[in-house]
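Read the structure below first, then the notes.
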Amino acid sequence: MLTVTRTIHFCAAHRLYNDSWDESKNRDVFGKCSNEGGHGHNYTLKISVTGPLNKDSGMVVNVTELRDILQQEIFDKLDHRDLDREVDFLKGMVSTMENIVVKIAENLEKPLSNLGVKLVKLELNESDKNSVTLEL
Ligand code: NI
């Protein structure tokens with residue numbers, strides 16, 4: 001199986017906070033990540049897809065077309081945004097790396113399938129210390 005991976009970077013702000021909990025429980029669970037002013041991350045997202053090798057082009061996917069989809073579906077929606085207030089598909093949930101990566105996978109499924117490839121893995125890093133991997 002051939003897997004093609006493209007990496008994108010975006011910067012965004014967020015706050016870890018569950019509206020159904022009181023201040024003290026949010027503080028206990030999320031610590032300073034629950035501070036009212038929020039904080040920012042320089043996120044890195046690695047997107048891996050697979051599909052049949054096209055004998056004529058020699059490619060599984062045209063990375064230029066992949067780039068355009070990622071730009072449209074992820075970068076344009078998330079870069080320099082407040083993830084909790086400005087991103088429709090993240091509203092109503094705690095903006096953890098886990099939740100973000102699951103929602104991104106949902107958003108990419110159709111456009112990638114239109115491109116003839118299948119999403120197999122997403123890896124979201126919010127720093128060089130923390131990352132979450134979703135394998136599909
Ligand atoms: Ni954070």
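Each chain of the structure tokens is named A, B, ... in the order shown, its residues numbered from 1; ligands are numbered from 1 in display order.
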Legend entry - Selection within 7 Å of ligand 1 by only C-alpha atoms and all ligand atoms, output as an MDAnalysis selection string: chainID A and resid 14:16 33 39:41
Inset, instruction - From a DSSP pass on the backbone, collect the residues of chain A flagged as alpha helix (DSSP H) and hand them back as number ranges by chain. - result: A: 23-30, 63-70, 76-78, 97-114
Legend entry - Spatial neighbours of stretch 54-64 of chain A, 12 Å, only C-alpha atoms, chain gap at least 3 places, as number ranges by chain: A: 1-7, 47-51, 67-71, 112-119
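Neighbouring residues of A:Asp128 at 10 Å or closer, counting only C-alpha atoms and skipping chain neighbours under 5 positions away, are Asn42, Tyr43 and Thr44 of chain A.
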Inset, instruction - Name the closest residue to A:Lys46 among the candidates A:Ile8, A:Val29, A:Val101, A:Leu78; distances are taken between atoms, counting only C-alpha atoms. - result: A:Ile8
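Atom CA of A:Ser20 is positioned 29.4 Å from atom CA of A:Glu73.
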Inset, instruction - Can you work out the spacing between atom CA of A:Pro52 and atom CA of A:Glu106 in Å, to one decimal? - result: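 Distance reported for this atom pair: 21.7 Å.
For the residues A:Glu109, A:Phe10, A:Asn99, A:Leu83, ranking by smallest atom-to-atom distance to A:Leu45 using only C-alpha atoms places A:Phe10 first.
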Legend entry - DSSP strand (DSSP E or B) selection over chain A, as a PyMOL selection string: chain A and resi 3-14+39-50+81-82+118-125+131-135
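In terms of minimum interatomic distance to A:Ala12, A:Val87 ranks closest within A:Val132, A:Val87, A:Val120, A:Leu53, counting only C-alpha atoms.
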